[in-house]
Amino acid sequence: MAEAVVELLERAARREAPLEELRALRLAVQAVPPTALRARLSDDHLGALFALLNVNDREQVAACVSILERLLQALDPVYVIQNLREELQKGLFHPDDSVKILTISQVGRIVENSDAVTEILNSPELLRQIINCIGGEKIAVAKEAIQSLSRIAQTQDGLEALFVSSLLSDLKNVMATSDVVRYRVYELIVEISSVSADSLNYCANSGLISELIGELTGDDVLVRATCIEMVTSLAHTPHGRQYLAQQGVIDKISNIILGAESDPFSSFYLPGFVKFFGNLAVVDSPQQICERYPVFVEKVFEMAESHDPTMIGVAVDTLGILGSNVEGKQVLQKNRNRFQKLLNRIGHQAKNAPTELRLRCLDAISSLLYLPPEQQTEDLLRMTESWFTSLSSQPLELFRSISTQPFPDLHCGALRVFTAIANQPWAQKLMLNSPGFVEYIVDRSVEPDKASKDAKYELVKALVNSKTIAEIFGNQYYLRLRAYLQEGPYYVKAVSTTAVEGAE
């Protein structure tokens with residue numbers, strides 16, 4: 001097979017390969033391991049394939065791109081940049097986006113190689129054109145360019161090349177193309193900044209982070225909504241949070257939430273700003289964030305109590321994030337009466353709202369009610385039990401009714417609520433005392449699809465692994481649950497048939 005591939009490559013190099021042979025070559029190179037071709041590939045073969053891209057025939061270009069993708073994988077990145085630099089350069093100017101993506105992805109491979117990356121950094125024209133590709137119409141080309149530039153910035157030399165040279169001007173020039181392209185550059189800057197404090201310093205010194213923050217706190221409400229997502233990404237790292245705090249950005253976001261009352265357009269950006277604090281609370285300390293920025297907690301409660309489904313959804317998500325750890329649960333418990341009324345409202349939404357909001361409510365309830373075994377103090381168990389009973393007059397029946405509906409997403413969402421409380425003694429007693437509930441758990445016939453079977457299995461596993469289950473459920477039920485666990489999620493009981501003499 002390798003011989004046939006080389007023969008076809010020779011014909012291509014002599015420009016004797018018609019489209020049919022290029023199609024055959026595409027199939028052949030897929031069947032031969034790249035390592036088997038490595039020693040037989042020459043500059044002429046590859047140069048010829050790149051030359052065959054210079055036609056106005058989409059099918060021929062597609063065939064050549066597919067062949068090159070496979071062949072270039074077989075080559076050392078150092079070889080690619082040293083011997084095919086000119087071809088890569090031309091590829092970035094090609095009118096067909098698939099050629100640009102092929103070329104940029106090769107640059108991405110090259111910069112991951114410590115020996116080859118220097119060659120790229122010494123090719124400013126190549127880097128300049130990759131930067132220009134961020135401004136391309138096709139998002140796939142822009143994303144590939146962002147990814148490659150992000151990889152280049154993983155090293156000190158790469159950071160120097162991008163931010164302490166004329167390439168920074170190219171980056172700023174491409175931002176002027178349009179709003180969309182400007183946000184793509186911000187996305188790249190945030191991605192690079194997230195790597196380390198050193199990377200963040202280079203990005204900050206370039207002035208581009210200041211521009212992003214300026215837009216975040218500016219007057220354009222739609223721009224705010226876009227920029228807050230990027231700033232939230234930056235806040236995921238400790239050095240990013242420290243930078244935002246030092247620059248007073250977190251205080252500014254808090255003040256904007258405070259002023260949102262009088263802004264008729266606040267619904268555009270408020271969800272993103274609230275999500276920002278929700279994420280900040282989880283990666284930092286929920287108690288510190290909520291104490292320092294009380295406007296955040298107040299706004300979440302207000303949004304959850306509103307009649308706007310968009311606001312309710314964001315508030316419910318944020319409460320789920322906030323209450324995903326014990327410290328966050330305790331913060332919510334400080335607003336006990338108001339929060340318990342809110343839980344009743346969330347329980348109502350889980351039953352009656354449109355499907356998407358119901359799912360978000362179920363996920364938030366699971367997050368709020370889950371307690372790891374090592375954190376199950378009497379106080380916290382009393383708290384989760386009181387939260388559960390606040391959801392509805394008959395909460396176990398509420399979720400059981402949702403779990404029997406013929407919608408897999410809702411069915412699994414309700415099972416996840418049961419799984420969240422399955423290791424808590426008060427919940428086990430409720431389950432045992434609810435007629436038919438344990439039979440429902442071990443009944444495999446009610447799970448119609450793989451996702452449902454997996455969700456039920458997680459519930460059984462949570463019950464079996466609990467230290468109190470054998471004592472509360474009793475031996476008979478405990479052994480049935482253990483058998484279910486051992487048989488696995490997809491077990492089907494064999495049905496024996498008996499042949500009867502004379503039967504048709």
# chains A, B, ... in the order shown; residues from 1 in each chain; ligands from 1
call {"tool": "select_by_dssp", "arguments": {"residues": "range 91-337 of chain A", "states": "helix (DSSP H, G or I)", "output": "ChimeraX atom specification"}}
result
/A:91,97-111,117-121,124-133,139-152,156-163,167-175,179-193,197-205,208-216,221-234,238-246,249-262,266-268,270-283,286-292,294-305,309-322,326-333,336-337
call {"tool": "residues_around", "arguments": {"residues": "Val164 in chain A", "least_positions_apart": "5", "cutoff": "12 Å", "atoms": "only C-alpha atoms", "output": "list in words"}}
result
Ala153, Gln156, Asp157, Gly158, Leu159, Ser169, Asp170, Leu171, Asn201, Tyr202, Cys203, Asn205, Ser206 and Gly207 of chain A
call {"tool": "residues_around", "arguments": {"residues": "range 82-96 of chain A", "least_positions_apart": "3", "cutoff": "8 Å", "atoms": "only C-alpha atoms", "output": "VMD selection string"}}
result
chain A and resid 43 47 50 78 to 79 99 to 100 103 to 104 119 125 to 126 129 to 130 133
call {"tool": "residues_around", "arguments": {"residues": "Gln375 in chain A", "least_positions_apart": "5", "cutoff": "12 Å", "atoms": "only C-alpha atoms", "output": "list in words"}}
result
Asn325, Val326, Glu327, Lys329, Tyr370, Leu380, Leu381, Thr384, Asn423 and Gln424 of chain A
call {"tool": "write_last_selection", "arguments": {"atoms": "N, CA, C and O atoms", "output": "PDB file, in the first residue's frame"}}
result
ATOM      1  N   ASN A 325     -21.371  24.366  48.020  1.00  0.00           N
ATOM      2  CA  ASN A 325     -20.512  23.943  49.143  1.00  0.00           C
ATOM      3  C   ASN A 325     -21.125  24.409  50.467  1.00  0.00           C
ATOM      4  O   ASN A 325     -22.045  25.228  50.486  1.00  0.00           O
ATOM      5  N   VAL A 326     -20.612  23.859  51.538  1.00  0.00           N
ATOM      6  CA  VAL A 326     -21.220  24.093  52.855  1.00  0.00           C
ATOM      7  C   VAL A 326     -21.181  25.565  53.248  1.00  0.00           C
ATOM      8  O   VAL A 326     -22.154  26.101  53.787  1.00  0.00           O
ATOM      9  N   GLU A 327     -20.079  26.231  52.956  1.00  0.00           N
ATOM     10  CA  GLU A 327     -19.973  27.651  53.332  1.00  0.00           C
ATOM     11  C   GLU A 327     -21.057  28.471  52.628  1.00  0.00           C
ATOM     12  O   GLU A 327     -21.688  29.339  53.225  1.00  0.00           O
ATOM     13  N   LYS A 329     -23.954  27.290  51.540  1.00  0.00           N
ATOM     14  CA  LYS A 329     -25.239  26.899  52.135  1.00  0.00           C
ATOM     15  C   LYS A 329     -25.499  27.719  53.402  1.00  0.00           C
ATOM     16  O   LYS A 329     -26.610  28.177  53.658  1.00  0.00           O
ATOM     17  N   TYR A 370     -27.334  18.590  48.386  1.00  0.00           N
ATOM     18  CA  TYR A 370     -26.285  17.576  48.576  1.00  0.00           C
ATOM     19  C   TYR A 370     -25.355  17.934  49.737  1.00  0.00           C
ATOM     20  O   TYR A 370     -24.917  19.076  49.868  1.00  0.00           O
ATOM     21  N   LEU A 380     -26.424  20.723  60.008  1.00  0.00           N
ATOM     22  CA  LEU A 380     -26.527  20.793  58.546  1.00  0.00           C
ATOM     23  C   LEU A 380     -27.588  19.822  58.029  1.00  0.00           C
ATOM     24  O   LEU A 380     -28.304  20.131  57.072  1.00  0.00           O
ATOM     25  N   LEU A 381     -27.719  18.671  58.633  1.00  0.00           N
ATOM     26  CA  LEU A 381     -28.764  17.722  58.233  1.00  0.00           C
ATOM     27  C   LEU A 381     -30.156  18.292  58.511  1.00  0.00           C
ATOM     28  O   LEU A 381     -31.073  18.138  57.703  1.00  0.00           O
ATOM     29  N   THR A 384     -30.752  20.894  55.660  1.00  0.00           N
ATOM     30  CA  THR A 384     -31.144  20.355  54.343  1.00  0.00           C
ATOM     31  C   THR A 384     -32.546  19.741  54.408  1.00  0.00           C
ATOM     32  O   THR A 384     -33.307  19.845  53.448  1.00  0.00           O
ATOM     33  N   ASN A 423     -27.870   9.959  50.665  1.00  0.00           N
ATOM     34  CA  ASN A 423     -26.961   9.541  51.759  1.00  0.00           C
ATOM     35  C   ASN A 423     -27.303  10.210  53.092  1.00  0.00           C
ATOM     36  O   ASN A 423     -26.528  10.132  54.043  1.00  0.00           O
ATOM     37  N   GLN A 424     -28.465  10.900  53.156  1.00  0.00           N
ATOM     38  CA  GLN A 424     -28.842  11.600  54.393  1.00  0.00           C
ATOM     39  C   GLN A 424     -29.951  10.807  55.112  1.00  0.00           C
ATOM     40  O   GLN A 424     -30.981  10.491  54.497  1.00  0.00           O
TER      41      GLN A 424
END
call {"tool": "residues_around", "arguments": {"residues": "Pro425 in chain A", "least_positions_apart": "5", "cutoff": "9 Å", "atoms": "only C-alpha atoms", "output": "list in words"}}
result
Leu381, Leu430, Ser466, Thr468, Ile469 and Ile472 of chain A
call {"tool": "write_last_selection", "arguments": {"atoms": "N, CA, C and O atoms", "output": "mmCIF file, in the first residue's frame"}}
result
data_model
loop_
_atom_site.group_PDB
_atom_site.id
_atom_site.type_symbol
_atom_site.label_atom_id
_atom_site.label_comp_id
_atom_site.auth_asym_id
_atom_site.auth_seq_id
_atom_site.Cartn_x
_atom_site.Cartn_y
_atom_site.Cartn_z
ATOM 1 N N LEU A 381 -27.719 18.671 58.633
ATOM 2 C CA LEU A 381 -28.764 17.722 58.233
ATOM 3 C C LEU A 381 -30.156 18.292 58.511
ATOM 4 O O LEU A 381 -31.073 18.138 57.703
ATOM 5 N N LEU A 430 -37.709 9.016 54.848
ATOM 6 C CA LEU A 430 -38.822 9.484 54.008
ATOM 7 C C LEU A 430 -39.081 8.502 52.868
ATOM 8 O O LEU A 430 -40.225 8.164 52.569
ATOM 9 N N SER A 466 -24.134 4.459 51.484
ATOM 10 C CA SER A 466 -24.387 5.198 52.723
ATOM 11 C C SER A 466 -24.219 4.283 53.944
ATOM 12 O O SER A 466 -24.617 3.114 53.921
ATOM 13 N N THR A 468 -25.735 4.461 56.745
ATOM 14 C CA THR A 468 -26.964 4.261 57.538
ATOM 15 C C THR A 468 -28.034 3.455 56.810
ATOM 16 O O THR A 468 -29.073 3.143 57.385
ATOM 17 N N ILE A 469 -27.775 3.112 55.541
ATOM 18 C CA ILE A 469 -28.842 2.528 54.720
ATOM 19 C C ILE A 469 -29.320 1.168 55.233
ATOM 20 O O ILE A 469 -30.526 0.900 55.288
ATOM 21 N N ILE A 472 -31.535 1.633 58.307
ATOM 22 C CA ILE A 472 -32.819 2.313 58.074
ATOM 23 C C ILE A 472 -33.719 1.506 57.134
ATOM 24 O O ILE A 472 -34.906 1.336 57.385
#
call {"tool": "closest_residue", "arguments": {"among": "A:Asp454, A:Glu137, A:Asp44, A:Glu59", "to": "Leu19 in chain A", "atoms": "only C-alpha atoms"}}
result
A:Glu59
call {"tool": "residues_around", "arguments": {"residues": "Leu102 in chain A", "least_positions_apart": "4", "cutoff": "8 Å", "atoms": "only C-alpha atoms", "output": "ChimeraX atom specification"}}
result
/A:65,69,98,106
call {"tool": "write_last_selection", "arguments": {"atoms": "all heavy atoms", "output": "mmCIF file, in the first residue's frame"}}
result
data_model
loop_
_atom_site.group_PDB
_atom_site.id
_atom_site.type_symbol
_atom_site.label_atom_id
_atom_site.label_comp_id
_atom_site.auth_asym_id
_atom_site.auth_seq_id
_atom_site.Cartn_x
_atom_site.Cartn_y
_atom_site.Cartn_z
ATOM 1 N N VAL A 65 -6.072 19.073 0.523
ATOM 2 C CA VAL A 65 -6.051 19.417 1.956
ATOM 3 C C VAL A 65 -6.107 18.148 2.798
ATOM 4 O O VAL A 65 -5.353 17.980 3.758
ATOM 5 C CB VAL A 65 -7.225 20.367 2.315
ATOM 6 C CG1 VAL A 65 -7.439 20.444 3.819
ATOM 7 C CG2 VAL A 65 -6.960 21.765 1.764
ATOM 8 N N GLU A 69 -3.139 16.984 5.262
ATOM 9 C CA GLU A 69 -3.400 16.831 6.708
ATOM 10 C C GLU A 69 -2.782 15.534 7.219
ATOM 11 O O GLU A 69 -2.146 15.495 8.264
ATOM 12 C CB GLU A 69 -4.916 16.793 6.972
ATOM 13 C CG GLU A 69 -5.532 18.153 7.158
ATOM 14 C CD GLU A 69 -7.048 18.082 7.309
ATOM 15 O OE1 GLU A 69 -7.621 16.990 7.131
ATOM 16 O OE2 GLU A 69 -7.659 19.130 7.580
ATOM 17 N N SER A 98 -10.455 26.167 4.166
ATOM 18 C CA SER A 98 -9.908 24.876 4.614
ATOM 19 C C SER A 98 -8.388 24.864 4.516
ATOM 20 O O SER A 98 -7.708 24.228 5.323
ATOM 21 C CB SER A 98 -10.497 23.726 3.803
ATOM 22 O OG SER A 98 -10.077 23.785 2.460
ATOM 23 N N GLN A 106 -1.086 23.573 11.457
ATOM 24 C CA GLN A 106 0.322 23.141 11.407
ATOM 25 C C GLN A 106 1.197 24.064 12.255
ATOM 26 O O GLN A 106 2.095 23.611 12.958
ATOM 27 C CB GLN A 106 0.827 23.128 9.951
ATOM 28 C CG GLN A 106 0.345 21.932 9.150
ATOM 29 C CD GLN A 106 0.674 20.609 9.821
ATOM 30 O OE1 GLN A 106 1.805 20.345 10.195
ATOM 31 N NE2 GLN A 106 -0.342 19.776 9.982
#
call {"tool": "residues_around", "arguments": {"residues": "range 409-419 of chain A", "least_positions_apart": "2", "cutoff": "6 Å", "atoms": "only C-alpha atoms", "output": "number ranges by chain"}}
result
A: 362, 366, 399, 403, 407, 421-422, 452, 455, 459
call {"tool": "atom_distance", "arguments": {"atom1": "CA of Ser166 in chain A", "atom2": "CA of Val141 in chain A"}}
result
22.6 Å
call {"tool": "closest_residue", "arguments": {"among": "A:Cys64, A:Val446, A:Leu332, A:Val185", "to": "Ala48 in chain A", "atoms": "only C-alpha atoms"}}
result
A:Cys64
